[in-house]
$ cat protein-v7.cif   # mmCIF, C-alpha atoms and all ligand atoms
data_upload
#
loop_
_atom_site.label_atom_id
_atom_site.label_comp_id
_atom_site.auth_asym_id
_atom_site.auth_seq_id
_atom_site.Cartn_x
_atom_site.Cartn_y
_atom_site.Cartn_z
CA MET A 294 -45.69 -18.79 -191.31
CA ALA A 295 -42.10 -17.97 -191.96
CA VAL A 296 -39.97 -19.82 -194.48
CA LYS A 297 -37.57 -20.28 -191.59
CA GLU A 298 -40.01 -22.64 -189.90
CA ILE A 299 -40.30 -24.64 -193.11
CA MET A 300 -36.52 -24.78 -193.41
CA ASP A 301 -36.26 -26.01 -189.81
CA THR A 302 -38.70 -28.79 -190.61
CA LEU A 303 -36.76 -29.70 -193.77
CA ARG A 304 -33.55 -29.71 -191.73
CA ASP A 305 -35.06 -32.13 -189.24
CA ALA A 306 -36.01 -34.36 -192.15
CA GLY A 307 -32.42 -34.22 -193.52
CA LEU A 308 -33.50 -32.32 -196.62
CA SER A 309 -32.18 -28.81 -196.08
CA GLN A 310 -28.75 -29.63 -197.58
CA PHE A 311 -30.37 -29.99 -201.02
CA VAL A 312 -32.27 -26.69 -200.95
CA LYS A 313 -31.02 -24.22 -203.55
CA ASP A 314 -34.04 -21.94 -203.45
CA ILE A 315 -37.28 -21.79 -201.49
CA LYS A 316 -40.28 -19.47 -201.82
CA LEU A 317 -43.70 -19.35 -200.17
CA ILE A 318 -46.17 -17.60 -202.47
CA GLY A 319 -49.55 -17.47 -200.78
CA SER A 320 -50.03 -21.04 -199.69
CA THR A 321 -47.89 -22.47 -202.49
CA LEU A 322 -44.40 -23.55 -201.53
CA GLU A 323 -41.84 -23.66 -204.33
CA ILE A 324 -38.65 -25.54 -203.60
CA VAL A 325 -35.65 -26.00 -205.87
CA TYR A 326 -33.38 -28.89 -204.92
CA GLY A 327 -29.85 -29.25 -206.20
CA ILE A 328 -28.90 -32.88 -206.84
CA LYS A 329 -25.63 -34.44 -207.97
CA GLU A 330 -27.20 -37.30 -209.89
CA LYS A 331 -30.54 -38.19 -211.36
CA GLY A 332 -32.82 -40.86 -209.90
CA VAL A 333 -33.37 -39.41 -206.43
CA GLU A 334 -36.09 -36.92 -207.40
CA ARG A 335 -39.10 -39.06 -206.46
CA GLU A 336 -37.73 -40.03 -203.09
CA LEU A 337 -36.85 -36.42 -202.23
CA GLU A 338 -40.25 -35.15 -203.29
CA GLU A 339 -42.07 -37.75 -201.23
CA LYS A 340 -39.97 -37.04 -198.17
CA THR A 341 -40.69 -33.35 -198.59
CA ARG A 342 -44.44 -33.82 -198.78
CA GLN A 343 -44.32 -36.15 -195.79
CA ALA A 344 -42.27 -33.67 -193.73
CA LEU A 345 -44.50 -30.71 -194.50
CA LYS A 346 -47.89 -32.42 -194.46
CA ASP A 347 -48.90 -31.02 -191.09
CA MET A 348 -48.18 -27.42 -192.01
CA PRO A 349 -51.62 -25.80 -192.39
CA ASP A 350 -50.36 -22.82 -194.37
CA VAL A 351 -48.75 -24.95 -197.05
CA LYS A 352 -51.52 -26.13 -199.34
CA ASP A 353 -49.52 -26.84 -202.41
CA ILE A 354 -45.90 -27.94 -202.86
CA LYS A 355 -44.02 -27.59 -206.12
CA VAL A 356 -40.61 -29.24 -206.24
CA ARG A 357 -38.08 -28.63 -208.97
CA PHE A 358 -34.67 -30.23 -209.40
CA VAL A 359 -31.47 -28.87 -210.83
CA GLU A 360 -28.30 -30.82 -211.28
CA VAL A 361 -25.27 -29.44 -209.46
CA ARG A 362 -21.64 -30.29 -210.09
CA GLU A 363 -19.58 -31.49 -207.21
CA GLU A 364 -17.37 -28.58 -206.19
CA PRO A 365 -13.82 -29.27 -205.08
CA PRO A 366 -13.29 -28.26 -201.50
CA ALA A 367 -11.63 -24.85 -201.26
CA PHE A 368 -7.80 -24.84 -201.15
CA SER A 369 -7.58 -28.58 -201.78
CA GLN A 370 -5.75 -27.91 -205.05
CA PRO A 371 -2.57 -25.89 -205.41
CA MET A 372 -3.08 -22.74 -207.46
CA PHE A 373 -0.31 -23.71 -209.88
CA VAL A 374 1.46 -26.90 -210.71
CA ARG A 375 5.07 -26.07 -210.00
CA ARG A 376 8.08 -28.10 -210.98
CA LYS A 377 10.91 -28.63 -208.58
CA VAL A 378 14.48 -28.29 -209.74
CA GLU A 379 15.97 -31.68 -209.04
CA GLY A 380 18.81 -31.81 -206.53
CA VAL A 381 18.19 -28.28 -205.26
CA ARG A 382 17.22 -28.01 -201.61
CA ASN A 383 16.45 -24.28 -201.53
CA LEU A 384 15.64 -22.26 -204.61
CA ILE A 385 15.74 -18.62 -203.64
CA ALA A 386 14.85 -15.74 -205.92
CA VAL A 387 16.39 -12.31 -205.48
CA GLY A 388 14.06 -9.69 -206.86
CA SER A 389 12.90 -6.12 -206.66
CA GLY A 390 10.32 -3.99 -208.35
CA LYS A 391 12.96 -1.53 -209.47
CA GLY A 392 16.08 -1.71 -211.59
CA GLY A 393 19.56 -0.80 -210.44
CA VAL A 394 19.04 -1.27 -206.71
CA GLY A 395 21.79 -3.88 -206.54
CA LYS A 396 19.93 -7.19 -207.02
CA SER A 397 22.71 -8.81 -209.00
CA THR A 398 25.35 -7.53 -206.58
CA VAL A 399 23.35 -8.89 -203.64
CA ALA A 400 22.61 -12.20 -205.39
CA ALA A 401 26.28 -12.78 -206.31
CA ASN A 402 27.67 -11.77 -202.90
CA LEU A 403 25.10 -13.78 -200.98
CA ALA A 404 25.86 -16.81 -203.15
CA VAL A 405 29.59 -16.49 -202.46
CA ALA A 406 28.91 -15.86 -198.76
CA LEU A 407 26.74 -19.01 -198.52
CA ALA A 408 29.51 -20.99 -200.25
CA LYS A 409 31.98 -19.63 -197.69
CA LEU A 410 29.71 -20.96 -194.96
CA GLY A 411 30.26 -24.40 -196.45
CA TYR A 412 27.11 -24.81 -198.52
CA LYS A 413 26.88 -26.09 -202.07
CA VAL A 414 25.60 -23.11 -204.00
CA GLY A 415 24.53 -22.27 -207.53
CA LEU A 416 23.86 -18.87 -209.07
CA LEU A 417 21.52 -18.52 -212.00
CA ASP A 418 21.32 -15.27 -213.90
CA ALA A 419 17.67 -15.11 -214.90
CA ASP A 420 18.11 -11.70 -216.46
CA MET A 421 17.98 -12.71 -220.10
CA TYR A 422 18.13 -9.18 -221.49
CA GLY A 423 20.77 -7.70 -219.22
CA PRO A 424 22.88 -10.52 -217.82
CA SER A 425 25.39 -9.15 -215.35
CA VAL A 426 26.61 -12.30 -213.64
CA PRO A 427 29.40 -12.95 -216.22
CA THR A 428 30.87 -9.52 -215.39
CA LEU A 429 30.31 -9.79 -211.64
CA LEU A 430 32.11 -13.13 -211.44
CA GLY A 431 34.80 -12.48 -214.03
CA LEU A 432 33.34 -14.99 -216.46
CA LYS A 433 32.89 -12.80 -219.52
CA ASN A 434 33.23 -14.54 -222.88
CA GLN A 435 33.13 -17.97 -221.24
CA ARG A 436 31.12 -20.73 -222.86
CA VAL A 437 29.16 -23.66 -221.48
CA TYR A 438 28.87 -27.18 -222.84
CA VAL A 439 26.40 -30.02 -222.44
CA ASP A 440 26.99 -33.39 -220.82
CA GLU A 441 26.22 -36.82 -222.32
CA ASN A 442 22.57 -36.41 -221.32
CA ASN A 443 22.33 -33.10 -223.13
CA ARG A 444 22.22 -31.13 -219.93
CA ILE A 445 24.10 -27.85 -219.64
CA ILE A 446 27.18 -28.03 -217.42
CA PRO A 447 27.34 -24.81 -215.40
CA LEU A 448 30.65 -23.00 -214.96
CA GLU A 449 32.39 -22.98 -211.60
CA LYS A 450 33.87 -19.94 -209.88
CA TYR A 451 34.47 -18.94 -206.26
CA GLY A 452 32.99 -22.27 -205.21
CA LEU A 453 29.71 -21.61 -207.07
CA LYS A 454 28.05 -23.30 -210.01
CA VAL A 455 27.14 -20.48 -212.35
CA LEU A 456 24.89 -20.13 -215.35
CA SER A 457 23.95 -17.09 -217.41
CA ILE A 458 22.55 -16.48 -220.86
CA GLY A 459 25.79 -14.56 -221.38
CA PHE A 460 27.58 -17.93 -221.66
CA LEU A 461 25.45 -18.91 -224.65
CA LEU A 462 25.53 -15.75 -226.71
CA PRO A 463 28.06 -15.54 -229.54
CA SER A 464 29.36 -12.24 -228.20
CA GLU A 465 28.72 -9.88 -225.34
CA ASP A 466 26.99 -7.38 -227.58
CA THR A 467 24.55 -9.86 -229.09
CA PRO A 468 21.10 -8.60 -228.22
CA VAL A 469 18.65 -11.17 -226.95
CA ILE A 470 15.53 -10.88 -229.03
CA TRP A 471 13.46 -13.65 -227.53
CA ARG A 472 9.95 -12.77 -226.62
CA GLY A 473 7.17 -14.39 -224.64
CA PRO A 474 7.04 -18.17 -224.92
CA MET A 475 10.51 -18.48 -226.46
CA LEU A 476 12.06 -16.58 -223.60
CA MET A 477 10.19 -18.65 -221.08
CA LYS A 478 11.29 -21.84 -222.78
CA ALA A 479 14.91 -20.73 -222.61
CA LEU A 480 14.58 -19.79 -218.97
CA THR A 481 12.92 -23.07 -218.05
CA GLN A 482 15.70 -24.89 -219.84
CA PHE A 483 18.15 -22.88 -217.77
CA LEU A 484 16.60 -24.26 -214.64
CA PHE A 485 15.64 -27.79 -215.49
CA ASP A 486 18.01 -28.96 -218.23
CA VAL A 487 21.11 -28.18 -216.22
CA ASN A 488 23.44 -30.55 -214.46
CA TRP A 489 23.35 -28.66 -211.15
CA GLY A 490 24.27 -31.72 -209.12
CA GLU A 491 23.23 -31.51 -205.47
CA LEU A 492 22.83 -27.93 -204.24
CA ASP A 493 21.91 -26.55 -200.83
CA TYR A 494 21.05 -23.21 -202.44
CA LEU A 495 20.30 -22.08 -205.94
CA ILE A 496 20.16 -18.29 -206.02
CA LEU A 497 18.13 -16.80 -208.83
CA ASP A 498 19.04 -13.29 -209.94
CA LEU A 499 15.74 -12.02 -211.34
CA PRO A 500 15.44 -9.24 -213.89
CA PRO A 501 14.07 -5.96 -212.53
CA GLY A 502 10.34 -5.51 -212.22
CA THR A 503 7.26 -7.60 -211.77
CA GLY A 504 6.54 -8.49 -215.38
CA ASP A 505 5.69 -11.67 -217.24
CA VAL A 506 9.08 -13.30 -216.74
CA GLN A 507 8.95 -13.05 -212.98
CA LEU A 508 5.33 -14.08 -212.81
CA THR A 509 5.63 -17.05 -215.16
CA LEU A 510 8.74 -18.26 -213.38
CA ALA A 511 7.05 -17.95 -210.03
CA GLN A 512 4.03 -19.87 -211.28
CA ASN A 513 5.95 -22.70 -212.90
CA VAL A 514 8.92 -23.28 -210.68
CA GLN A 515 8.83 -24.35 -207.10
CA MET A 516 10.65 -21.59 -205.27
CA ASP A 517 11.37 -21.89 -201.60
CA GLY A 518 11.72 -18.22 -200.86
CA ALA A 519 12.23 -14.73 -202.16
CA ILE A 520 14.55 -11.98 -201.06
CA ILE A 521 13.59 -8.45 -201.95
CA VAL A 522 16.31 -5.89 -202.50
CA THR A 523 15.66 -2.22 -202.03
CA THR A 524 17.42 1.05 -201.37
CA PRO A 525 16.05 3.40 -198.72
CA GLN A 526 14.65 5.95 -201.16
CA ASP A 527 10.90 6.24 -201.24
CA VAL A 528 10.79 5.70 -204.96
CA ALA A 529 12.50 2.32 -204.65
CA LEU A 530 10.32 1.34 -201.72
CA ALA A 531 7.19 1.98 -203.77
CA ASP A 532 8.45 -0.51 -206.34
CA VAL A 533 9.21 -3.06 -203.68
CA ARG A 534 5.59 -2.90 -202.62
CA LYS A 535 4.77 -4.29 -206.06
CA ALA A 536 7.37 -7.05 -205.75
CA THR A 537 6.03 -8.01 -202.33
CA ALA A 538 2.50 -8.15 -203.67
CA MET A 539 3.60 -10.32 -206.58
CA PHE A 540 5.42 -12.90 -204.45
CA ARG A 541 2.47 -12.99 -202.06
CA GLU A 542 0.02 -13.49 -204.89
CA VAL A 543 1.93 -16.50 -206.19
CA GLN A 544 2.41 -17.80 -202.64
CA ILE A 545 6.18 -17.67 -202.50
CA PRO A 546 7.35 -17.04 -198.95
CA ILE A 547 9.23 -13.78 -198.61
CA LEU A 548 12.32 -14.42 -196.50
CA GLY A 549 12.88 -10.74 -196.00
CA VAL A 550 14.20 -7.49 -197.37
CA VAL A 551 17.83 -6.55 -197.95
CA GLU A 552 18.41 -2.83 -197.63
CA ASN A 553 21.20 -1.96 -200.05
CA MET A 554 23.19 1.28 -200.10
CA ALA A 555 21.75 1.91 -196.65
CA TYR A 556 24.54 4.11 -195.29
CA PHE A 557 28.03 5.34 -195.94
CA VAL A 558 30.91 4.77 -193.57
CA CYS A 559 33.36 7.66 -193.62
CA PRO A 560 36.79 6.12 -194.16
CA GLU A 561 38.48 8.82 -192.02
CA SER A 562 36.17 9.00 -189.01
CA GLY A 563 34.37 5.66 -189.26
CA ASN A 564 31.08 7.52 -188.75
CA LYS A 565 27.97 6.16 -190.43
CA TYR A 566 25.95 8.50 -192.62
CA TYR A 567 22.43 7.51 -193.60
CA ILE A 568 22.37 9.36 -196.89
CA PHE A 569 18.86 8.37 -197.92
CA GLY A 570 17.36 8.33 -194.45
CA LYS A 571 17.25 5.75 -191.72
CA GLY A 572 14.56 3.34 -190.61
CA LYS A 573 12.27 3.62 -193.63
CA VAL A 574 12.95 0.11 -194.86
CA MET A 575 12.39 -1.35 -191.42
CA GLU A 576 9.09 0.49 -191.16
CA PHE A 577 8.09 -0.69 -194.60
CA ALA A 578 9.02 -4.30 -193.83
CA SER A 579 6.99 -4.46 -190.64
CA GLN A 580 4.08 -2.80 -192.40
CA TYR A 581 4.16 -5.63 -194.94
CA GLY A 582 4.60 -8.38 -192.41
CA THR A 583 8.19 -9.15 -193.31
CA LYS A 584 11.59 -8.36 -191.87
CA VAL A 585 14.85 -6.71 -192.80
CA LEU A 586 17.51 -9.38 -193.25
CA GLY A 587 20.28 -6.81 -193.15
CA SER A 588 21.57 -3.47 -194.34
CA ILE A 589 24.47 -3.15 -196.78
CA PRO A 590 26.49 0.07 -196.75
CA ILE A 591 27.28 1.95 -199.92
CA ASP A 592 30.94 1.43 -200.73
CA PRO A 593 32.73 2.37 -203.96
CA GLN A 594 34.77 -0.81 -203.48
CA VAL A 595 31.64 -2.85 -204.27
CA ALA A 596 31.29 -1.35 -207.72
CA GLU A 597 35.02 -1.49 -208.35
CA ASP A 598 35.32 -5.16 -207.36
CA SER A 599 32.22 -6.05 -209.35
CA ASP A 600 33.70 -4.50 -212.45
CA LYS A 601 36.89 -6.46 -211.90
CA GLY A 602 34.91 -9.68 -211.62
CA THR A 603 35.46 -10.45 -207.94
CA PRO A 604 32.55 -10.00 -205.53
CA VAL A 605 33.54 -7.95 -202.49
CA VAL A 606 32.87 -10.89 -200.16
CA GLU A 607 35.71 -12.67 -201.95
CA SER A 608 38.10 -9.75 -202.51
CA HIS A 609 37.66 -7.85 -199.22
CA PRO A 610 36.18 -10.31 -196.73
CA GLU A 611 37.15 -8.08 -193.79
CA SER A 612 35.27 -5.03 -195.11
CA GLU A 613 32.06 -3.81 -193.48
CA VAL A 614 30.13 -4.59 -196.69
CA ALA A 615 31.42 -8.16 -196.84
CA LYS A 616 30.57 -8.69 -193.17
CA ALA A 617 27.05 -7.44 -193.81
CA PHE A 618 26.65 -9.96 -196.65
CA LEU A 619 28.03 -12.77 -194.51
CA SER A 620 25.66 -12.02 -191.66
CA ILE A 621 22.69 -12.03 -194.07
CA ALA A 622 23.90 -15.36 -195.47
CA LYS A 623 24.00 -16.79 -191.94
CA LEU A 624 20.48 -15.55 -191.31
CA ILE A 625 19.28 -17.17 -194.55
CA SER A 626 20.89 -20.44 -193.56
CA ASP A 627 19.09 -20.23 -190.21
CA ILE A 628 15.66 -19.68 -191.72
CA THR A 629 15.83 -22.14 -194.62
CA ARG A 630 15.87 -25.91 -194.96
CA ARG A 631 19.12 -27.73 -194.33
N1 LIG A 701 26.36 -1.47 -201.73
C1 LIG A 701 26.81 -0.92 -202.84
N2 LIG A 701 27.76 0.05 -202.80
C2 LIG A 701 28.22 0.62 -203.94
N3 LIG A 701 27.79 0.30 -205.17
C3 LIG A 701 26.86 -0.65 -205.28
C4 LIG A 701 26.30 -1.32 -204.13
N4 LIG A 701 25.40 -2.22 -204.55
C5 LIG A 701 25.37 -2.14 -205.90
N5 LIG A 701 26.23 -1.20 -206.35
C6 LIG A 701 26.47 -0.80 -207.75
O1 LIG A 701 25.24 -0.34 -208.28
C7 LIG A 701 25.10 -0.70 -209.65
C8 LIG A 701 23.81 -1.50 -209.84
O2 LIG A 701 23.94 -2.75 -209.18
P1 LIG A 701 23.34 -4.09 -209.78
O3 LIG A 701 23.73 -4.27 -211.19
O4 LIG A 701 23.66 -5.16 -208.82
O5 LIG A 701 21.79 -3.72 -209.69
P2 LIG A 701 20.53 -4.54 -210.28
O6 LIG A 701 19.39 -4.25 -209.37
O7 LIG A 701 20.88 -5.95 -210.49
O8 LIG A 701 20.33 -3.83 -211.65
P3 LIG A 701 19.37 -4.32 -212.87
O9 LIG A 701 18.02 -3.88 -212.46
O10 LIG A 701 19.92 -3.59 -214.03
O11 LIG A 701 19.50 -5.80 -212.96
C9 LIG A 701 26.35 -1.49 -209.98
O12 LIG A 701 27.29 -0.62 -210.57
C10 LIG A 701 26.86 -1.96 -208.63
O13 LIG A 701 28.26 -2.17 -208.62
MG MG A 702 20.74 -7.15 -212.23
#
$ encode --input "protein-v7.cif" --output "structure tokens" --more "lines below"
Ligand SMILES: Nc1ncnc2c1ncn2[C@@H]1O[C@H](COP(=O)(O)OP(=O)(O)OP(=O)(O)O)[C@@H](O)[C@H]1O
Ligand SMILES: [Mg+2]
Amino acid sequence: MAVKEIMDTLRDAGLSQFVKDIKLIGSTLEIVYGIKEKGVERELEEKTRQALKDMPDVKDIKVRFVEVREEPPAFSQPMFVRRKVEGVRNLIAVGSGKGGVGKSTVAANLAVALAKLGYKVGLLDADMYGPSVPTLLGLKNQRVYVDENNRIIPLEKYGLKVLSIGFLLPSEDTPVIWRGPMLMKALTQFLFDVNWGELDYLILDLPPGTGDVQLTLAQNVQMDGAIIVTTPQDVALADVRKATAMFREVQIPILGVVENMAYFVCPESGNKYYIFGKGKVMEFASQYGTKVLGSIPIDPQVAEDSDKGTPVVESHPESEVAKAFLSIAKLISDITRR
């Protein structure tokens, strides 16, 4: 007689749900039942004997009980307990696996572009070691103060509320030496102990890479989406794979990829030159189940304006670069919460 037949009989008697292990050795049946609380052993054993009494091959029945803990149903609990930044409708992180691909440039220009579309926007420089937002927005050597509730009042520029560690350091050259928990505490304070007011978008300029800072932030803060910045070179794309994997792992929806320095427009002829190759980012994005939000040309004006402290969207709104940023901003406003 097969154990299957015994199991069928136990199922009919409503006992199979308790079975953790079952063995038929000769004519001796050994059953291990898992129970959540004590006191039901006798009843279960009697029911078992009753159910199997007509089975000729089972001469002897040995029943053992083990206590089992009630398991939470899968996915009923969130993986992390994330805090929401009060008053912020959409918290969007701009990240990449690689440094120097233009994250801060993209974050600052998208923030200004969203503000131009009429949204209330904040920009937070989460790069504690290499803050570049003060330079990008012409806010170097500016300081921030706290309100009566001890909350930091962000600076305002180009219609944005802006905060960077640069506004708290005694001088531009002061190195930030925070490590681990201290750094995280400072960053959390930068998000939660700030008088942001009501914002449609808070754009987070992440430091390069997929290290502890990015991961801890992603695990502790409720982010509504991530934008990944890349350049079309293979080496940068490889790093973006890591960034994509990280955001996926911490369940932050990836809004899409911004391809920066995608092509060069010849000022004389107006022809487009795809210096680093065309179509690779698109291919990559579809391979990873995401999309390209837009492609930004390489334009020396971008770097020049950034150094002067005016994002190109503000200083040259008619330029091809600015238009590319504005169209990405529109797309973001279409795919996020209003
Ligand atoms: N589309 C562009 N055309 C020309 N120059 C650009 C463009 N985008 C960014 N740059 C320049 O490239 C340099 C790096 O940009 P940025 O600082 O934004 O990169 P990042 O990814 O934030 O760097 P980090 O990893 O150091 O934070 C800057 O000098 C910036 O002005
Ligand atoms: Mg940067």
$ closest_residue --input "protein-v7.cif" --among "A:Leu410, A:Ala404, A:Val522, A:Ala511" --to "ligand MG 702 (chain A)" --atoms "only C-alpha atoms and all ligand atoms"
A:Val522
$ closest_atom_pairs --input "protein-v7.cif" --of "chain A" --to "ligand LIG 701 (chain A)" --cutoff "6 Å" --atoms "all atoms listed in the file" --output "JSON lines"
{"residue": "A:Gly392", "atom": "CA", "partner": "A:LIG701", "partner_atom": "O9", "distance": 3.0}
{"residue": "A:Gly393", "atom": "CA", "partner": "A:LIG701", "partner_atom": "O8", "distance": 3.4}
{"residue": "A:Val394", "atom": "CA", "partner": "A:LIG701", "partner_atom": "O6", "distance": 4.0}
{"residue": "A:Gly395", "atom": "CA", "partner": "A:LIG701", "partner_atom": "O5", "distance": 3.2}
{"residue": "A:Lys396", "atom": "CA", "partner": "A:LIG701", "partner_atom": "O6", "distance": 3.8}
{"residue": "A:Ser397", "atom": "CA", "partner": "A:LIG701", "partner_atom": "O7", "distance": 3.7}
{"residue": "A:Thr398", "atom": "CA", "partner": "A:LIG701", "partner_atom": "O4", "distance": 3.7}
{"residue": "A:Pro500", "atom": "CA", "partner": "A:LIG701", "partner_atom": "O11", "distance": 5.4}
{"residue": "A:Pro501", "atom": "CA", "partner": "A:LIG701", "partner_atom": "O9", "distance": 4.5}
{"residue": "A:Asn553", "atom": "CA", "partner": "A:LIG701", "partner_atom": "N1", "distance": 5.4}
{"residue": "A:Met554", "atom": "CA", "partner": "A:LIG701", "partner_atom": "N1", "distance": 4.5}
{"residue": "A:Ile589", "atom": "CA", "partner": "A:LIG701", "partner_atom": "N1", "distance": 5.6}
{"residue": "A:Pro590", "atom": "CA", "partner": "A:LIG701", "partner_atom": "N1", "distance": 5.2}
{"residue": "A:Ile591", "atom": "CA", "partner": "A:LIG701", "partner_atom": "N2", "distance": 3.5}
{"residue": "A:Asp592", "atom": "CA", "partner": "A:LIG701", "partner_atom": "N2", "distance": 4.0}
{"residue": "A:Pro593", "atom": "CA", "partner": "A:LIG701", "partner_atom": "C2", "distance": 4.8}
{"residue": "A:Val595", "atom": "CA", "partner": "A:LIG701", "partner_atom": "C2", "distance": 4.9}
{"residue": "A:Ala596", "atom": "CA", "partner": "A:LIG701", "partner_atom": "O13", "distance": 3.3}
{"residue": "A:Ser599", "atom": "CA", "partner": "A:LIG701", "partner_atom": "O13", "distance": 5.6}
$ residues_near_ligand --input "protein-v7.cif" --ligand "ligand MG 702 (chain A)" --cutoff "12 Å" --atoms "all atoms listed in the file" --output "PyMOL selection string"
chain A and resi 387-401+417-429+457+497-502+522+599
$ atom_distance --input "protein-v7.cif" --atom1 "atom CA of A:Ile299" --atom2 "atom CA of A:Met348"
8.4 Å
$ residues_around --input "protein-v7.cif" --residues "A:Gly582" --least-positions-apart "6" --cutoff "12 Å" --atoms "all atoms listed in the file" --output "PyMOL selection string"
chain A and resi 534+537-538+541+546-550+575-576
$ closest_residue --input "protein-v7.cif" --among "A:Val506, A:Ile446, A:Leu624, A:Val414" --to "A:Ala479" --atoms "only C-alpha atoms"
A:Val506
$ atom_distance --input "protein-v7.cif" --atom1 "atom CA of A:Ile354" --atom2 "atom CA of A:Leu322"
4.8 Å
$ residues_around --input "protein-v7.cif" --residues "A:Lys316" --least-positions-apart "3" --cutoff "12 Å" --atoms "all atoms listed in the file" --output "ChimeraX atom specification"
/A:294-297,299-300,312-313,319-325,351,353-357
$ closest_residue --input "protein-v7.cif" --among "A:Phe577, A:Lys584, A:Leu453, A:Leu448" --to "A:Asn402" --atoms "all atoms listed in the file"
A:Leu453
